[in-house]
Every structure is written in C-alpha cells, then in structure tokens.
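Engineer: Take a look at this one; I'll ask things after.
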Amino acid sequence: MCKFLKKLSFSLLGGAFILVSSVGSIAYATEADNEAVYPGGDIMDEKPQTAWEQYLEMLEDPAFSEEECQEFYDRMFTDSKERAKITFKILAVPYCKQETNYYCGPATAQQTVRFYTNSIEESQDDIWKSVGVEYSGTKGTSGDLLKNYVNSKQSTNTYALEYPSSASDMSQDIYSDINRDVPVILWVKVQKGGNWLYSTSGGHFMNASGINTGGSLIEVTDPYIGWVEGHNFIAGKYWVTAEEAYSATTSRGMGYYK
C-alpha cells in the first residue's frame, strides 16, 4: 500500500460543443466554407478515468509496488511547478501516418510505443482491436483504452490523464515529461488557423514530442498531417504555440495523457 494517500478532488473541464451524428456518438466530417473538416477519431461521450481513480486502482493492484505507486502519486498530484529552467529538447518520436480517417488513436499509440521499444510492433489494424470502439456504425478510439494499451506495452511511464489549468502550466508539465524522455499524448479539438492547418469537428490524438527554450513552442508529431493537402511536414512534425496547444486541449475538454 502506498504512503501519503491523500483525498483529492478534481474539477473536470467542461466538454466542448462538438458535432455529433444523430445515430451515434462519433462526429462525422462536415464542410465549412466548402472546406472539408477532419471529423476526429475519438469517442464523443466518453467519460475517461481520472488520474485519481487510476491511482486507487494501482493501490489495489499487486502488479504495482509501493515505490511505483508513490512515484505515480508524486508525479501526478504533488505541486512540482518549480522546475529547472526550460531548455530546448526534442524526442525522436517516429511519425506513423494514420491509415484511416479515424485511426489517429492507433497511430498515436504506435508512435508512442515505437518510441519506447524501437521495435516492430502491432499494425494499426491490430491496435484498433485494442483501442477502438464502434457504435451504431460509427468508429472512434476510447481514451481509456488507448492509455491502457500504451501502458501495457512499455514500463517506462504509467500514463494518466491530466487537466491543464493554464497554457503556462501545460507548457511546464510537457517540459517536465519531455525532460524525462516521455512523449505526451495530446487529446485535442483543432480549429484551423495559426499553426493548425486543418479543423476537426471532434477529438484527435497526437504526441507532444518537443519543446523550445522558454516553453512557448511545442513540437507535435501528428498522425493526420500527412492527409492535409499542401502540407510540407514530411516527417509528420511541426510546431504550435503553447497557447494553441492549450486552447485545442481545452476545446476538447478531456486533458492529455502524461
């Protein structure tokens, strides 16, 4: 049993207003100003497990040692915003172009696991069997299943859901994770403009794989970018501002996995 068990409460961010099909809970592609909008590949009505709920499960799971539980607690719940001076760092997260318009979850899982293992792993079709959900003919990735899949394939980091309170807080958090060689899994809803080259009507998964000196810019490894007409990001990577990353995260209202 882990020490320092404390009672915490979390205030979940409000869900974004998202276009939803009348026959399912996954958004479909729409058109705005004659421009196609990427529908997003998540589950619209999902209520993902909080970090605290995950921690309580870990306490009861003999697979986790007391030290592992304590490390998780300290990382997720201890106020550690007093960090070293932010410096430029990029992780070599491989780009895996998603193979369908709803495979952002399997592709992000593939990117993340391949970063840790550097080995040939399951195909996106096989990963979909572990993370995907189909409802009334619509398809999307469950955030909980995505988290569980990545956690089951590597032991370096136990991913859990975090809710940012500000762009600065999120930037510092991403720095902390990248500094310990952990790519963050972003869960966003994107609006075209600035450094975002497309819009989504629903949620989308990608990795945060780098951060600049000062934390004002975040590199993303985006499995969908290869589908965007006119893009020039052959390696699947580009930079967005910390404010853009925060806005896209809060627009989806689900947080990010760290």
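So you can find residues: chains in the structure tokens are A, B, ... in the order shown, residues in each start at 1, and ligands are numbered from 1 in order.
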Name the residues in contact with Tyr257 of chain A at a cut-off of 10 Å, using only C-alpha atoms, excluding same-chain residues fewer than 4 positions from it; report them as a list of chain:residue names.
Structural biologist: A:Ala51, A:Gly143, A:Asp144, A:Leu146, A:Lys147, A:Thr158, A:Tyr159, A:Ala160, A:Leu161, A:Glu162, A:Tyr163, A:Pro183, A:Val184, A:Ile185, A:Leu186, A:Trp187, A:Asn207
Engineer: Taking only segment 86-233 of chain A into account, list the residues labelled strand (DSSP E or B) by DSSP (computed from the backbone), as number ranges by chain.
Structural biologist: A: 89-90, 132-135, 138-141, 161-162, 184-188, 193, 196, 200, 204-211, 217-221
Engineer: Skipping near chain neighbours, those fewer than 5 positions away, what residues fall within 10 Å of Glu244 of chain A using only C-alpha atoms, listed as a VMD selection string?
Structural biologist: chain A and resid 167 190 to 191 193 to 196 216 to 218 239 249 to 250
Engineer: At most 6 Å is the cut-off: for each residue in segment 166-227 of chain A with any atom that close to an atom of segment 93-107 of chain A, write down the nearest atom pair and the distance in Å rounded to one decimal, counting only C-alpha atoms, chain first then increasing number, as a tab-separated table.
Structural biologist:
residue	atom	partner	partner_atom	distance
A:Phe205	CA	A:Cys104	CA	5.6
A:Pro223	CA	A:Lys97	CA	4.5
A:Tyr224	CA	A:Gln98	CA	6.0
Engineer: Excluding Tyr149 of chain A and its own-chain neighbours fewer than 4 positions away, which residues fall within 12 Å of it when counting only C-alpha atoms? Please give them as a PyMOL selection string.
Structural biologist: chain A and resi 105-106+108-110+112-113+122+126-132+141-145+153-155+158-160
Engineer: Among the residues of segment 162-192 of chain A, find those DSSP assigns to alpha helix (DSSP H) from the backbone and print them as an MDAnalysis selection string.
Structural biologist: chainID A and resid 167:179
Engineer: Could you check how far atom CA of Pro39 of chain A sits from atom CA of Thr200 of chain A, in Å to one decimal?
Structural biologist: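 One can read the atom CA of Pro39 of chain A to atom CA of Thr200 of chain A distance as 5.2 Å.
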Engineer: My list of candidates is A:Ile43, A:Val37, A:Val228, A:Val240. Which is closest to Gly203 of chain A when distances are computed with only C-alpha atoms?
Structural biologist: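 With only C-alpha atoms as the atom set, the closest residue is A:Ile43.
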Engineer: Name the residues in contact with Glu219 of chain A at a cut-off of 10 Å, using only C-alpha atoms, excluding same-chain residues fewer than 4 positions from it; report them as a list in words.
Structural biologist: Lys89, Ile90, Leu91, Asn207, Ala208, Ser209, Gly210, Ile211, Asn212, Lys237, Tyr238, Trp239, Val240, Thr241, Ala242 and Ala245 of chain A
Engineer: Let me make sure I understand: among A:Val150, A:Glu134, A:Asp61, A:Asn157, which one has the smallest atom-to-atom distance to Glu121 of chain A if we use only C-alpha atoms?
Structural biologist: A:Val150
Engineer: Tell me, in Å to one decimal, how far atom CA of Asn232 of chain A is from atom CA of Gly140 of chain A.
Structural biologist: 27.0 Å
Engineer: Could you please determine the separation between atom CA of Asp173 of chain A and atom CA of Ile225 of chain A in Å, to one decimal place?
Structural biologist: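 Answer for the atom CA of Asp173 of chain A to atom CA of Ile225 of chain A separation: 24.4 Å.
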Engineer: Considering only C-alpha atoms, state which residue in the set A:Tyr135, A:Arg75, A:Gly255, A:Asp222 is at the smallest distance from Gly236 of chain A.
Structural biologist: A:Asp222
